[in-house]
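Next comes entry04.txt, with compact mmCIF, C-alpha atoms and all ligand atoms.
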# COMPACT_ATOMS: atom_id res chain seq x y z
CA MET A 1288 121.12 135.07 124.59
CA ARG A 1289 123.76 137.28 123.04
CA VAL A 1290 124.39 140.76 124.42
CA ASN A 1291 123.28 143.64 122.20
CA LEU A 1292 126.26 145.99 122.12
CA LEU A 1293 123.99 148.95 121.30
CA ASP A 1294 122.97 148.74 124.96
CA PHE A 1295 126.31 150.08 126.19
CA ASP A 1296 127.74 153.54 126.54
CA LEU A 1297 131.53 153.58 126.30
CA GLU A 1298 132.12 152.90 129.99
CA GLY A 1299 129.64 150.02 129.88
CA LEU A 1300 131.41 148.53 126.86
CA VAL A 1301 134.81 148.95 128.51
CA ALA A 1302 133.56 147.09 131.59
CA TRP A 1303 132.06 144.33 129.46
CA CYS A 1304 135.26 143.96 127.41
CA GLU A 1305 137.36 143.89 130.57
CA ARG A 1306 135.31 140.95 131.79
CA LEU A 1307 136.41 139.20 128.59
CA GLY A 1308 140.01 140.06 129.41
CA GLU A 1309 140.22 142.78 126.76
CA LYS A 1310 141.85 146.16 127.32
CA ARG A 1311 140.07 149.52 127.26
CA PHE A 1312 141.46 150.53 123.86
CA ARG A 1313 139.85 147.42 122.32
CA ALA A 1314 136.50 148.56 123.62
CA VAL A 1315 137.11 152.01 122.12
CA GLN A 1316 137.91 150.42 118.74
CA LEU A 1317 134.79 148.29 118.91
CA TYR A 1318 132.61 151.24 119.93
CA ARG A 1319 133.96 153.28 117.01
CA TRP A 1320 133.30 150.50 114.53
CA ILE A 1321 129.73 150.22 115.69
CA HIS A 1322 128.74 153.87 115.98
CA GLN A 1323 131.09 155.74 113.69
CA LYS A 1324 131.23 153.22 110.88
CA GLY A 1325 127.85 151.59 111.35
CA ALA A 1326 129.34 148.09 111.42
CA SER A 1327 127.23 145.22 112.68
CA ASP A 1328 129.32 142.33 111.37
CA PHE A 1329 132.37 141.61 113.53
CA ASP A 1330 134.24 140.29 110.49
CA GLN A 1331 134.28 143.83 109.08
CA MET A 1332 136.27 145.02 112.08
CA SER A 1333 139.62 144.51 110.46
CA ASP A 1334 141.83 145.93 113.20
CA LEU A 1335 140.49 143.54 115.85
CA ALA A 1336 142.30 140.22 116.26
CA LYS A 1337 140.56 137.26 114.62
CA SER A 1338 140.31 135.51 117.97
CA LEU A 1339 138.51 138.51 119.49
CA ARG A 1340 136.15 138.74 116.53
CA ALA A 1341 135.26 135.07 117.02
CA LYS A 1342 134.66 135.64 120.73
CA LEU A 1343 132.45 138.64 120.00
CA ALA A 1344 130.43 136.72 117.41
CA ALA A 1345 129.74 134.01 119.97
CA LEU A 1346 128.73 136.31 122.80
CA ALA A 1347 127.41 139.52 121.31
CA GLU A 1348 125.59 141.16 118.44
CA VAL A 1349 124.80 144.60 117.09
CA LYS A 1350 121.08 144.24 116.78
CA ALA A 1351 119.09 146.87 114.91
CA LEU A 1352 115.34 147.31 115.29
CA PRO A 1353 113.31 145.50 112.64
CA LEU A 1354 112.11 148.10 110.16
CA LEU A 1355 108.40 147.98 109.35
CA SER A 1356 108.22 150.91 106.96
CA GLU A 1357 109.98 153.97 105.60
CA HIS A 1358 108.13 156.99 104.24
CA VAL A 1359 109.73 159.99 102.61
CA SER A 1360 107.75 163.22 102.58
CA ASP A 1361 107.70 165.75 99.74
CA ASP A 1362 109.68 168.10 101.99
CA GLY A 1363 112.41 165.51 102.62
CA THR A 1364 111.20 164.45 106.08
CA VAL A 1365 111.66 160.71 106.56
CA LYS A 1366 109.59 158.61 108.94
CA TRP A 1367 110.57 155.10 109.97
CA LEU A 1368 108.35 152.72 111.83
CA PHE A 1369 110.17 150.06 113.87
CA ASP A 1370 108.83 146.88 115.36
CA VAL A 1371 109.50 146.58 119.09
CA GLY A 1372 107.61 143.31 119.54
CA GLN A 1373 104.24 142.16 120.82
CA GLY A 1374 102.33 144.33 118.37
CA ASN A 1375 104.14 147.52 119.42
CA ALA A 1376 105.84 149.92 117.07
CA VAL A 1377 107.76 153.14 117.55
CA GLU A 1378 108.58 155.89 115.14
CA THR A 1379 111.65 157.93 114.36
CA VAL A 1380 111.53 161.04 112.20
CA TYR A 1381 114.36 162.73 110.32
CA ILE A 1382 113.85 166.41 109.55
CA PRO A 1383 116.34 167.91 107.09
CA GLU A 1384 116.95 171.64 107.12
CA ALA A 1385 119.28 173.80 105.04
CA ASP A 1386 122.05 173.83 107.65
CA ARG A 1387 121.38 170.75 109.78
CA GLY A 1388 119.59 167.45 110.16
CA THR A 1389 117.45 166.69 113.19
CA LEU A 1390 116.37 163.27 114.37
CA CYS A 1391 113.27 162.93 116.53
CA VAL A 1392 113.70 159.82 118.68
CA SER A 1393 111.21 157.75 120.70
CA SER A 1394 111.85 156.64 124.28
CA GLN A 1395 108.84 154.42 125.05
CA ALA A 1396 106.20 152.38 123.25
CA GLY A 1397 103.17 154.45 124.18
CA CYS A 1398 103.22 156.83 127.14
CA ALA A 1399 101.77 156.75 130.63
CA VAL A 1400 101.38 160.52 131.03
CA GLY A 1401 98.28 160.66 128.88
CA CYS A 1402 98.21 164.26 127.66
CA ARG A 1403 94.87 165.27 126.20
CA PHE A 1404 96.22 166.44 122.86
CA CYS A 1405 98.72 163.64 122.17
CA SER A 1406 97.92 160.54 120.16
CA THR A 1407 100.73 158.61 121.87
CA GLY A 1408 99.12 159.45 125.21
CA HIS A 1409 95.77 158.22 123.92
CA GLN A 1410 97.32 154.84 123.12
CA GLY A 1411 98.33 154.22 126.71
CA PHE A 1412 101.63 152.80 127.91
CA SER A 1413 103.08 149.58 126.55
CA ARG A 1414 106.68 149.50 127.71
CA ASN A 1415 109.96 151.30 128.12
CA LEU A 1416 112.47 151.03 125.31
CA SER A 1417 115.89 149.68 126.23
CA THR A 1418 119.03 151.77 125.71
CA ALA A 1419 119.76 149.63 122.64
CA GLU A 1420 116.32 150.38 121.19
CA ILE A 1421 116.80 154.13 121.70
CA VAL A 1422 120.33 154.13 120.27
CA ALA A 1423 119.30 151.82 117.40
CA GLN A 1424 117.09 154.62 116.05
CA LEU A 1425 120.07 156.96 115.71
CA TRP A 1426 122.43 154.20 114.57
CA PHE A 1427 120.06 153.20 111.79
CA ALA A 1428 119.16 156.74 110.67
CA GLU A 1429 122.71 158.10 110.67
CA HIS A 1430 124.10 155.23 108.63
CA ARG A 1431 121.16 155.08 106.29
CA LEU A 1432 121.35 158.79 105.48
CA ARG A 1433 125.07 159.47 105.65
CA GLN A 1434 126.50 160.66 102.34
CA PRO A 1435 130.05 160.09 101.15
CA ALA A 1436 131.84 163.44 101.13
CA ALA A 1437 132.67 165.18 97.88
CA PRO A 1438 136.16 164.37 96.53
CA GLY A 1439 138.88 166.53 98.04
CA GLU A 1440 136.99 167.38 101.23
CA GLY A 1441 139.46 165.46 103.35
CA VAL A 1442 136.79 163.66 105.37
CA PRO A 1443 135.21 160.38 104.36
CA PHE A 1444 131.59 161.42 104.90
CA THR A 1445 129.27 164.22 105.91
CA ARG A 1446 127.30 163.57 109.02
CA ALA A 1447 123.56 163.29 108.44
CA ILE A 1448 122.37 164.05 111.95
CA ASP A 1449 123.53 167.07 113.94
CA ASN A 1450 120.64 167.31 116.38
CA VAL A 1451 118.70 164.75 118.35
CA VAL A 1452 115.43 165.68 120.01
CA MET A 1453 113.81 163.21 122.40
CA MET A 1454 110.39 164.27 121.12
CA GLY A 1455 109.09 161.08 119.56
CA MET A 1456 106.84 158.67 121.42
CA GLY A 1457 107.07 158.49 125.17
CA GLU A 1458 108.20 160.47 128.18
CA PRO A 1459 112.01 160.17 128.25
CA LEU A 1460 112.29 161.10 131.93
CA GLN A 1461 110.01 158.19 132.85
CA ASN A 1462 112.58 155.88 131.26
CA TYR A 1463 115.63 157.45 132.79
CA SER A 1464 117.84 154.41 133.34
CA ALA A 1465 117.69 153.53 129.63
CA LEU A 1466 117.88 157.15 128.50
CA LEU A 1467 121.10 158.03 130.30
CA PRO A 1468 123.51 155.61 128.54
CA ALA A 1469 121.77 156.44 125.25
CA LEU A 1470 122.47 160.16 125.76
CA ARG A 1471 126.08 159.38 126.64
CA THR A 1472 126.52 157.48 123.37
CA MET A 1473 124.98 160.37 121.44
CA LEU A 1474 127.51 162.75 123.00
CA ASP A 1475 130.60 160.54 122.97
CA ASP A 1476 133.33 161.61 120.56
CA HIS A 1477 134.03 157.94 119.81
CA ALA A 1478 130.40 157.52 118.76
CA TYR A 1479 128.19 160.33 117.37
CA GLY A 1480 130.02 163.24 118.99
CA LEU A 1481 126.95 165.46 119.19
CA SER A 1482 127.19 168.70 121.12
CA ARG A 1483 125.30 168.83 124.44
CA ARG A 1484 123.52 171.88 123.09
CA ARG A 1485 122.25 169.83 120.17
CA VAL A 1486 120.76 166.97 122.10
CA THR A 1487 117.42 167.94 123.59
CA VAL A 1488 115.39 166.07 126.15
CA SER A 1489 111.75 167.08 126.03
CA THR A 1490 109.69 166.42 129.12
CA SER A 1491 106.16 166.92 130.32
CA GLY A 1492 107.71 167.88 133.67
CA VAL A 1493 109.02 164.95 135.74
CA VAL A 1494 110.57 167.27 138.33
CA PRO A 1495 112.92 164.89 140.24
CA MET A 1496 114.28 163.51 136.99
CA ILE A 1497 114.96 167.00 135.64
CA ASP A 1498 117.30 167.37 138.63
CA ARG A 1499 118.89 163.98 137.99
CA LEU A 1500 119.49 164.83 134.33
CA GLY A 1501 121.13 168.09 135.39
CA GLN A 1502 123.51 166.17 137.66
CA ASP A 1503 124.23 163.20 135.42
CA CYS A 1504 124.22 164.49 131.87
CA PRO A 1505 123.11 168.06 131.25
CA VAL A 1506 121.82 168.52 127.71
CA ALA A 1507 119.39 171.04 126.23
CA LEU A 1508 116.00 170.89 127.95
CA ALA A 1509 112.54 171.45 126.50
CA VAL A 1510 109.58 171.50 128.86
CA SER A 1511 106.09 170.91 127.51
CA LEU A 1512 104.17 173.63 129.30
CA HIS A 1513 100.92 174.04 127.34
CA ALA A 1514 99.12 176.11 130.00
CA PRO A 1515 99.87 179.10 132.21
CA ASP A 1516 98.02 177.85 135.30
CA ASP A 1517 97.54 174.61 137.22
CA ALA A 1518 93.78 174.33 136.62
CA LEU A 1519 94.24 174.04 132.87
CA ARG A 1520 97.56 172.18 132.97
CA ASN A 1521 96.10 169.54 135.32
CA ASN A 1522 93.59 168.87 132.62
CA LEU A 1523 95.92 168.88 129.61
CA VAL A 1524 99.00 167.26 131.18
CA PRO A 1525 97.82 165.02 134.04
CA LEU A 1526 101.36 164.81 135.47
CA ASN A 1527 100.87 168.41 136.58
CA ARG A 1528 98.79 167.15 139.50
CA LYS A 1529 101.94 165.50 140.84
CA TYR A 1530 104.40 168.24 139.87
CA PRO A 1531 102.54 171.54 139.62
CA ILE A 1532 103.78 174.56 137.71
CA GLU A 1533 105.43 176.21 140.72
CA GLU A 1534 107.63 173.13 141.32
CA LEU A 1535 108.31 172.83 137.61
CA MET A 1536 109.54 176.43 137.42
CA GLN A 1537 111.84 175.86 140.39
CA ALA A 1538 113.23 172.74 138.68
CA CYS A 1539 113.84 174.79 135.51
CA LEU A 1540 115.79 177.36 137.53
CA ARG A 1541 117.93 174.63 139.10
CA TYR A 1542 118.51 173.07 135.69
CA LEU A 1543 119.63 176.39 134.21
CA GLU A 1544 122.53 176.46 136.65
CA VAL A 1545 124.07 173.40 134.96
CA ALA A 1546 122.51 173.50 131.49
CA PRO A 1547 124.65 173.79 128.36
CA ARG A 1548 122.27 176.45 127.05
CA ASP A 1549 121.24 179.54 128.96
CA PHE A 1550 117.52 179.07 128.37
CA ILE A 1551 114.81 176.45 128.69
CA THR A 1552 112.58 175.89 125.68
CA PHE A 1553 108.91 175.88 126.63
CA GLU A 1554 106.79 173.97 124.17
CA TYR A 1555 103.22 175.08 123.88
CA CYS A 1556 100.74 173.18 121.74
CA MET A 1557 98.19 175.66 120.35
CA LEU A 1558 94.66 174.45 121.00
CA ASP A 1559 91.75 176.43 119.65
CA GLY A 1560 89.72 178.05 122.44
CA VAL A 1561 91.58 176.09 125.11
CA ASN A 1562 94.99 177.65 125.75
CA ASP A 1563 95.31 180.26 122.99
CA HIS A 1564 93.59 183.30 124.49
CA LEU A 1565 95.76 186.41 124.60
CA GLN A 1566 95.19 186.70 128.34
CA GLN A 1567 96.82 183.30 128.63
CA ALA A 1568 99.83 184.56 126.67
CA GLN A 1569 100.04 187.45 129.12
CA ALA A 1570 99.76 185.01 132.02
CA LEU A 1571 102.71 183.06 130.57
CA VAL A 1572 104.77 186.24 130.45
CA GLU A 1573 103.96 186.92 134.08
CA LEU A 1574 104.69 183.33 135.05
CA VAL A 1575 108.19 183.25 133.61
CA ARG A 1576 108.95 186.79 134.80
CA ARG A 1577 107.79 186.04 138.33
CA HIS A 1578 110.18 183.10 138.49
CA GLY A 1579 112.94 184.70 136.45
CA VAL A 1580 113.22 181.69 134.14
CA SER A 1581 115.30 182.45 131.08
CA CYS A 1582 113.36 180.81 128.26
CA LYS A 1583 112.23 180.60 124.69
CA PHE A 1584 108.76 179.61 123.59
CA ASN A 1585 108.09 177.19 120.79
CA LEU A 1586 104.45 177.33 119.75
CA ILE A 1587 103.42 174.06 118.12
CA PRO A 1588 100.34 174.05 115.92
CA PHE A 1589 98.21 171.19 117.26
CA ASN A 1590 98.06 168.20 114.93
CA PRO A 1591 94.49 167.09 115.28
CA PHE A 1592 93.39 163.48 115.51
CA PRO A 1593 89.74 162.53 115.79
CA ALA A 1594 89.74 161.01 119.29
CA SER A 1595 91.11 164.20 120.84
CA GLY A 1596 87.97 166.29 120.36
CA LEU A 1597 90.31 169.31 120.02
CA SER A 1598 91.28 171.52 117.13
CA CYS A 1599 94.24 173.68 116.21
CA SER A 1600 94.23 177.40 116.90
CA GLN A 1601 93.56 179.63 113.93
CA ARG A 1602 96.71 180.92 112.27
CA PRO A 1603 96.07 184.62 113.12
CA GLN A 1604 95.46 183.64 116.74
CA VAL A 1605 98.82 181.86 116.88
CA GLN A 1606 100.48 184.97 115.45
CA SER A 1607 98.77 187.29 117.97
CA PHE A 1608 99.66 184.91 120.80
CA ALA A 1609 103.30 184.90 119.65
CA ALA A 1610 103.23 188.70 119.42
CA VAL A 1611 102.30 189.03 123.11
CA LEU A 1612 105.31 186.93 124.09
CA LEU A 1613 107.61 188.70 121.65
CA GLN A 1614 106.53 192.13 122.86
CA ALA A 1615 107.51 191.04 126.36
CA GLY A 1616 110.99 190.28 125.01
CA ILE A 1617 110.64 186.49 124.96
CA VAL A 1618 112.12 184.77 121.92
CA THR A 1619 109.20 182.88 120.38
CA THR A 1620 109.04 180.64 117.36
CA VAL A 1621 106.10 178.98 115.70
CA ARG A 1622 107.02 175.47 114.70
CA ARG A 1623 106.70 174.79 111.01
CA THR A 1624 104.76 171.63 110.39
CA ARG A 1625 106.91 169.13 108.56
CA GLY A 1626 106.12 165.77 107.05
CA ASP A 1627 102.38 166.38 107.10
CA ASP A 1628 101.77 164.20 104.07
CA ILE A 1629 103.27 161.16 105.83
CA ASP A 1630 101.75 161.76 109.27
CA ALA A 1631 105.17 162.50 110.73
CA ALA A 1632 104.21 165.69 112.52
CA CYS A 1633 104.26 165.97 116.32
CA GLY A 1634 101.77 163.86 118.14
CA GLN A 1635 100.80 161.83 115.12
CA LEU A 1636 103.30 159.09 115.64
CA ALA A 1637 102.68 155.34 115.47
CA GLY A 1638 98.98 155.48 114.84
CA GLU A 1639 99.05 151.75 114.32
CA VAL A 1640 100.15 150.85 117.82
CA GLN A 1641 97.67 148.79 119.72
CA ASP A 1642 95.66 150.35 122.49
CA ARG A 1643 96.66 147.85 125.18
CA THR A 1644 95.50 149.70 128.23
CA ARG A 1645 92.12 150.76 126.94
CA ALA A 1646 93.36 154.32 127.15
CA SER A 1647 90.89 155.54 124.54
CA GLU A 1648 87.99 154.46 126.73
CA ARG A 1649 89.45 156.27 129.71
CA PHE A 1650 89.97 159.37 127.59
CA ALA A 1651 86.41 159.30 126.34
CA GLN A 1652 85.24 159.14 129.95
CA ARG A 1653 87.49 161.98 130.98
CA ARG A 1654 86.22 164.14 128.14
CA GLN A 1655 82.72 163.72 129.45
CA THR A 1656 83.56 164.40 133.07
CA ILE A 1657 86.08 167.22 132.67
CA PRO A 1658 85.14 169.30 129.66
CA ILE A 1659 87.69 171.97 128.81
CA VAL A 1660 86.00 175.31 129.28
CA VAL A 1661 88.69 177.48 130.80
CA ALA A 1662 89.57 179.55 127.76
CA LYS A 1663 85.97 179.88 126.60
CA GLU A 1664 85.05 181.37 129.96
CA LEU A 1665 87.73 183.96 129.51
CA GLN A 1666 86.41 185.10 126.16
N1 LIG A 1701 106.89 163.24 126.37
C1 LIG A 1701 107.69 164.33 126.02
C2 LIG A 1701 108.31 164.20 124.65
C3 LIG A 1701 107.47 163.63 123.56
S1 LIG A 1701 106.14 164.64 123.00
C4 LIG A 1701 106.93 165.64 126.15
O1 LIG A 1701 105.73 165.60 126.35
O2 LIG A 1701 107.57 166.68 126.11
C5 LIG A 1701 107.00 165.90 122.09
C6 LIG A 1701 106.21 167.19 121.90
O3 LIG A 1701 105.09 166.98 121.03
C7 LIG A 1701 105.64 167.70 123.21
O4 LIG A 1701 105.89 169.08 123.38
C8 LIG A 1701 104.18 167.45 123.02
O5 LIG A 1701 103.44 168.33 123.79
C9 LIG A 1701 103.99 167.65 121.55
N2 LIG A 1701 102.74 167.07 121.04
C10 LIG A 1701 102.15 165.94 121.45
N3 LIG A 1701 101.00 165.73 120.76
C11 LIG A 1701 100.88 166.76 119.90
C12 LIG A 1701 99.92 167.10 118.89
N4 LIG A 1701 98.87 166.32 118.64
N5 LIG A 1701 100.13 168.21 118.20
C13 LIG A 1701 101.22 168.98 118.41
N6 LIG A 1701 102.16 168.73 119.32
C14 LIG A 1701 102.00 167.61 120.06
FE1 LIG A 1702 103.48 161.42 126.75
FE2 LIG A 1702 104.66 163.65 125.81
FE3 LIG A 1702 102.46 162.60 124.63
FE4 LIG A 1702 102.25 163.79 126.99
S1 LIG A 1702 102.86 164.77 125.06
S2 LIG A 1702 101.30 161.82 126.40
S3 LIG A 1702 104.15 163.18 127.94
S4 LIG A 1702 104.45 161.65 124.75
Written form, structure tokens:
Amino acid sequence: MRVNLLDFDLEGLVAWCERLGEKRFRAVQLYRWIHQKGASDFDQMSDLAKSLRAKLAALAEVKALPLLSEHVSDDGTVKWLFDVGQGNAVETVYIPEADRGTLCVSSQAGCAVGCRFCSTGHQGFSRNLSTAEIVAQLWFAEHRLRQPAAPGEGVPFTRAIDNVVMMGMGEPLQNYSALLPALRTMLDDHAYGLSRRRVTVSTSGVVPMIDRLGQDCPVALAVSLHAPDDALRNNLVPLNRKYPIEELMQACLRYLEVAPRDFITFEYCMLDGVNDHLQQAQALVELVRRHGVSCKFNLIPFNPFPASGLSCSQRPQVQSFAAVLLQAGIVTTVRRTRGDDIDAACGQLAGEVQDRTRASERFAQRRQTIPIVVAKELQ
């Protein structure tokens, strides 16, 4: 089997090339052809010796993910569905904004965390993506969307993607060994050259891996909080039973010491009558104040799907909830829903993926045994 060169960060490619008897600068050239120029055919790589190109063609390939579909939303959001084999698919979403382009990348087919409000979680876990499969999403999107620059601009193209958010399918910190080289390629100046502040890992709170990320490759961090207390968070984000809020807050504080940004983004999916009571907003204020965590809140309107049995908070409730946080001096944004017409919004990804682990049955059982009543009791 040939080696997929998308699997390597620069140091990995250098080591691989050295085993072929090739010098470091050859690996740099190759890496630039692949990631900066989007080349997959070794014959295109005109500054590599013919003999090297022949060797590469025999041993290696630049293998993209097979594309199943591409949908473009009225608002310019693009959703791609990629085949990752054995009936599994993952999705990648491009979100254009006036001043930047963001790519939402998947890290796993399915997810083992099983959050109540997430359709990926309801599908169960299929498998980890490889580094190549994570990088292939960016490689494909950047080169598909990149525009030639206007004449006279002095650069050959304008970059399509300035931000990457690991907020597609899967829990990136449960696929750490594949994630790390992928992040390094995103950041490398010989590849995509993204700023550390513009690559965001979003996690449901895998505490030991937050520490590892801080040591190995600090990038912007988003933590999916969704509840101010353990009782509710245990129910919404089952991983909280292993790493409760107290430990999570301590991990955030440790991360802030090495983070490229001076705040953590807390994501909070707004669920009607579940976690959107104003007392819960106040409890969040107290939580982050008690721990002294410098943070921003990103309130995400819940994207409903039938099996969840949940609904999105009313718009005025989201605004009042945000107002409590804002009044306490916490920067708070309400995420605009993008790509609604193509099902590209958060938590709606890869609806077609098979339910291999009978997760929907387990969820149905859990709904019966642990009804969510916390917020209703408060009202
Ligand atoms: N596993 C990681 C990253 C992928 S999920 C994490 O949980 O952080 C990315 C974001 O989408 C998370 O904040 C998650 O809580 C949110 N999300 C999941 N399902 C959603 C839904 N149905 N509606 C709105 N947001 C959702
Ligand atoms: Fe997994 Fe994130 Fe979905 Fe939770 S919200 S099930 S961690 S993808």
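Residue nearest ligand LIG 1702 (chain A) within the list A:Val1524, A:Cys1391, A:Val1488, A:Ala1423: A:Val1524 [criterion: smallest interatomic distance, all atoms listed in the file].
Where the distance criterion is 8 Å and the atoms used are all atoms listed in the file, the residues close to ligand LIG 1702 (chain A) are A:Gly1397, A:Cys1398, A:Ala1399, A:Val1400, A:Gly1401, A:Cys1402, A:Arg1403, A:Phe1404, A:Cys1405, A:Ser1406, A:Thr1407, A:Gly1408, A:His1409, A:Met1454, A:Gly1455, A:Met1456, A:Gly1457, A:Glu1458, A:Ser1489, A:Thr1490, A:Ser1491, A:Ser1511, A:Val1524, A:Gly1634.
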**OP:** May I ask for the distance between atom CA of A:Met1473 and atom N1 of ligand LIG 1701 (chain A), given in Å to one decimal place?
**Re:** 19.0 Å
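Counting from atom CA of A:Arg1311, the distance to atom CA of A:Leu1292 is 15.2 Å.
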**OP:** Write out as an NGL selection string the residues lying within 9 Å of stretch 1525-1541 of chain A, counting only C-alpha atoms and excluding same-chain residues fewer than 2 positions away.
**Re:** :A and (1400-1403 or 1491-1495 or 1497-1498 or 1501 or 1508 or 1510 or 1512 or 1515-1517 or 1520-1523 or 1543-1546 or 1551 or 1574-1575 or 1578-1581)
Using all atoms listed in the file and a cutoff of 10 Å, can you tell me which residues are near (128.8, 145.7, 126.6) in the file's coordinates, and write them out as a compact mmCIF listing (two decimals) with C-alpha atoms, in the coordinates of the input?
# COMPACT_ATOMS: atom_id res chain seq x y z
CA VAL A 1290 124.39 140.76 124.42
CA ASN A 1291 123.28 143.64 122.20
CA LEU A 1292 126.26 145.99 122.12
CA LEU A 1293 123.99 148.95 121.30
CA ASP A 1294 122.97 148.74 124.96
CA PHE A 1295 126.31 150.08 126.19
CA ASP A 1296 127.74 153.54 126.54
CA LEU A 1297 131.53 153.58 126.30
CA GLU A 1298 132.12 152.90 129.99
CA GLY A 1299 129.64 150.02 129.88
CA LEU A 1300 131.41 148.53 126.86
CA VAL A 1301 134.81 148.95 128.51
CA ALA A 1302 133.56 147.09 131.59
CA TRP A 1303 132.06 144.33 129.46
CA CYS A 1304 135.26 143.96 127.41
CA GLU A 1305 137.36 143.89 130.57
CA ARG A 1306 135.31 140.95 131.79
CA ALA A 1314 136.50 148.56 123.62
CA TYR A 1318 132.61 151.24 119.93
CA ALA A 1347 127.41 139.52 121.31
CA GLU A 1348 125.59 141.16 118.44
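For the residues A:Thr1552, A:Gln1461, A:Ser1338, A:Gln1604, ranking by smallest atom-to-atom distance to A:Ala1507 using all atoms listed in the file places A:Thr1552 first.
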6 Å per side around ligand LIG 1701 (chain A): axis-aligned box centre and edge lengths, as lines of an AutoDock Vina configuration file:
center_x = 103.6
center_y = 166.2
center_z = 122.3
size_x = 21.4
size_y = 17.8
size_z = 20.2
Subject >> Exercise: A:Lys1324 partners within 12 Å, only C-alpha atoms, chain neighbours under 4 positions left out, as number ranges by chain >> reply: A: 1316-1320, 1328-1329, 1331-1332, 1426-1427, 1429-1431, 1433, 1435, 1443-1444, 1446, 1477-1479
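Of the listed residues (A:Ser1394, A:Asn1590, A:Gln1614, A:Ser1356), A:Asn1590 comes nearest to ligand LIG 1701 (chain A); the distances count all atoms listed in the file.
Near A:Pro1603, within 12 Å and counting only C-alpha atoms, sit A:Met1557, A:Asp1559, A:Asp1563, A:His1564, A:Leu1565, A:Pro1588, A:Cys1599, A:Ser1607, A:Phe1608, A:Ala1609, A:Ala1610, A:Val1621, not including residues fewer than 4 positions from it in the same chain.
The shortest atom-to-atom distance to A:Val1611, with only C-alpha atoms taken into account, belongs to A:Gln1566 out of A:Arg1483, A:Gln1566, A:Phe1592, A:Lys1310.
Atom to atom, atom C1 of ligand LIG 1701 (chain A) and atom CA of A:Val1506 stand 14.8 Å apart.
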Original post:
Which of these, A:Gln1410, A:Thr1445, A:Gln1502, A:Ser1417, has the shortest distance to ligand LIG 1701 (chain A) once you count all atoms listed in the file?
Top reply: A:Gln1410
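Counting only C-alpha atoms and all ligand atoms, the residue from A:Gly1626, A:Pro1593, A:Pro1459, A:Gly1480 that sits nearest to ligand LIG 1701 (chain A) is A:Pro1459.
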Subject >> Near-A:Tyr1463 list (9 Å; only C-alpha atoms; drop same-chain fewer than 4 positions) as a list in words >> reply: Pro1459, Leu1467, Met1496, Arg1499 and Leu1500 of chain A
**OP:** For A:Pro1383, please output as a ChimeraX atom specification all residues within 7 Å (counting all atoms listed in the file; exclusion window: fewer than 5 positions along the same chain).
**Re:** /A:1363-1364,1388-1389
Quick one: write out the picked residues with C-alpha atoms as a PDB file, in the coordinates of the input?
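As written to disk, result00.pdb reads:
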ATOM      1  CA  GLY A1363     112.410 165.510 102.620  1.00  0.00           C
ATOM      2  CA  THR A1364     111.200 164.450 106.080  1.00  0.00           C
ATOM      3  CA  GLY A1388     119.590 167.450 110.160  1.00  0.00           C
ATOM      4  CA  THR A1389     117.450 166.690 113.190  1.00  0.00           C
TER       5      THR A1389
END
